[in-house]
Amino acid sequence: MTDGAPKVGTERLILRKWRASDRAPFARMNCDPLVMEHFPALLSQEESGALVDRAEAHWEQHGFGPWAAELCESHEFIGYVSLFIPQFEAAFTPCVEIGWRLAREHWGKGLATEGARALLRHGFEILKLPEVVSFTVPGNLRSVRVMEKLCMSRNPIEDFDHPSIPEGHPLQRHVLYRLIREDWKAMNSR
Ligand SMILES: CC(C)(COP(=O)(O)OP(=O)(O)OC[C@H]1O[C@@H](n2cnc3c(N)ncnc32)[C@H](O)[C@@H]1OP(=O)(O)O)[C@@H](O)C(=O)NCCC(=O)NCCS
């Protein structure tokens, strides 16, 4: 993230640019089998570092990307919440995807939803995005629940095979959730 990139605050989170000190705890998350349960593979330290490099490059190119998430109370880095432009082609691309990955000890407290709500506001109000999507494997019930809590909606006819996952792989099938700006505005003007 560039120095000028916006910090986003919530009640319990600071969403900010990445720091060199985030890389070690992020690499620990990316080799935790529970955190990576719904991804094809655990990441090595180098692969985890390359992901941070890609996050920073996305910021440079687009002015948004994955925000590092820090707890207000302890200033601990706990993962990321992101707005991201996927590189693969599918029926619903080009698009902006909202996503999240937190260290397991911070799950179940509403933090992903809290961070994502703030990024939806940023995406719709500041970036003026017409729509935000999210996708995951159907078995990632925690992530699906976050999408539902954000009032994103799924049409099963839009379920898709992720082009980056090999044919026949158990993680190939994905569900797609969408939220358009008009619906978000209607929900947030009440
Ligand atoms: C997905 C993830 C970010 C959720 O973070 P979180 O901070 O725990 O999310 P929240 O607390 O905001 O919401 C989680 C919801 O899932 C629910 N949940 C937890 N386990 C569940 C399960 N086994 N089945 C169904 N729902 C479940 C929680 O009860 C909560 O819903 P509620 O508020 O209605 O009770 C976190 O689990 C994570 O980092 N997972 C690994 C990375 C990942 O899979 N990222 C998504 C890739 S698409």
# chains A, B, ... in the order shown; residues from 1 in each chain; ligands from 1
$ residues_near_ligand --ligand "ligand 1" --cutoff "10 Å" --atoms "only C-alpha atoms and all ligand atoms" --output "ChimeraX atom specification"
/A:29-30,32-39,78-81,97-117,134-150,174-175
$ select_by_dssp --residues "region 73-166 of chain A" --states "strand (DSSP E)" --output "PyMOL selection string"
chain A and resi 77-84+97-102+131-136+153-154+160-161
$ closest_residue --among "A:Ile14, A:Ala20, A:Ala41, A:Ile157" --to "Leu171 (chain A)" --atoms "only C-alpha atoms"
A:Ala41
$ select_by_dssp --residues "chain A" --states "alpha helix (DSSP H)" --output "PyMOL selection string"
chain A and resi 23-30+45-62+111-121+141-149+181-188
$ residues_around --residues "Arg173 (chain A)" --least-positions-apart "6" --cutoff "7 Å" --atoms "only C-alpha atoms" --output "CSV table (one decimal) with N, CA, C and O atoms, in the first residue's frame"
chain,number,residue,atom,x,y,z
A,137,VAL,N,-15.6,-21.9,-1.6
A,137,VAL,CA,-16.2,-23.3,-1.8
A,137,VAL,C,-17.4,-23.4,-0.9
A,137,VAL,O,-17.5,-22.8,0.2
A,160,PHE,N,-19.8,-21.7,-9.9
A,160,PHE,CA,-18.9,-21.9,-11.0
A,160,PHE,C,-17.7,-22.7,-10.6
A,160,PHE,O,-17.4,-22.9,-9.4
A,161,ASP,N,-17.0,-23.2,-11.6
A,161,ASP,CA,-15.8,-24.0,-11.4
A,161,ASP,C,-14.6,-23.0,-11.5
A,161,ASP,O,-14.5,-22.3,-12.5
A,162,HIS,N,-13.8,-22.9,-10.4
A,162,HIS,CA,-12.7,-21.9,-10.3
A,162,HIS,C,-11.7,-22.3,-11.4
A,162,HIS,O,-11.1,-23.4,-11.3
$ residues_around --residues "Cys31 (chain A)" --least-positions-apart "5" --cutoff "7 Å" --atoms "only C-alpha atoms" --output "PyMOL selection string"
chain A and resi 42-44
$ residues_around --residues "Asp22 (chain A)" --least-positions-apart "5" --cutoff "10 Å" --atoms "only C-alpha atoms" --output "list in words"
Lys17, Ala27, Gly49, Val52, Ala68, Ala69, Glu70, Glu76, Phe77, Ile78 and Gly79 of chain A
$ write_last_selection --atoms "C-alpha atoms" --output "JSON list (two decimals), in the first residue's frame"
[["chain", "number", "residue", "atom", "x", "y", "z"],
["A", 17, "LYS", "CA", -1.07, -0.57, 4.90],
["A", 27, "ALA", "CA", 3.31, -16.63, 7.06],
["A", 49, "GLY", "CA", 5.76, -13.22, 1.17],
["A", 52, "VAL", "CA", 2.09, -9.67, 0.39],
["A", 68, "ALA", "CA", -3.66, -5.49, 6.87],
["A", 69, "ALA", "CA", -5.96, -5.87, 9.90],
["A", 70, "GLU", "CA", -4.72, -4.84, 13.33],
["A", 76, "GLU", "CA", -1.62, -7.10, 17.00],
["A", 77, "PHE", "CA", -1.67, -7.96, 13.27],
["A", 78, "ILE", "CA", -4.43, -10.56, 12.81],
["A", 79, "GLY", "CA", -4.79, -11.02, 9.02]]
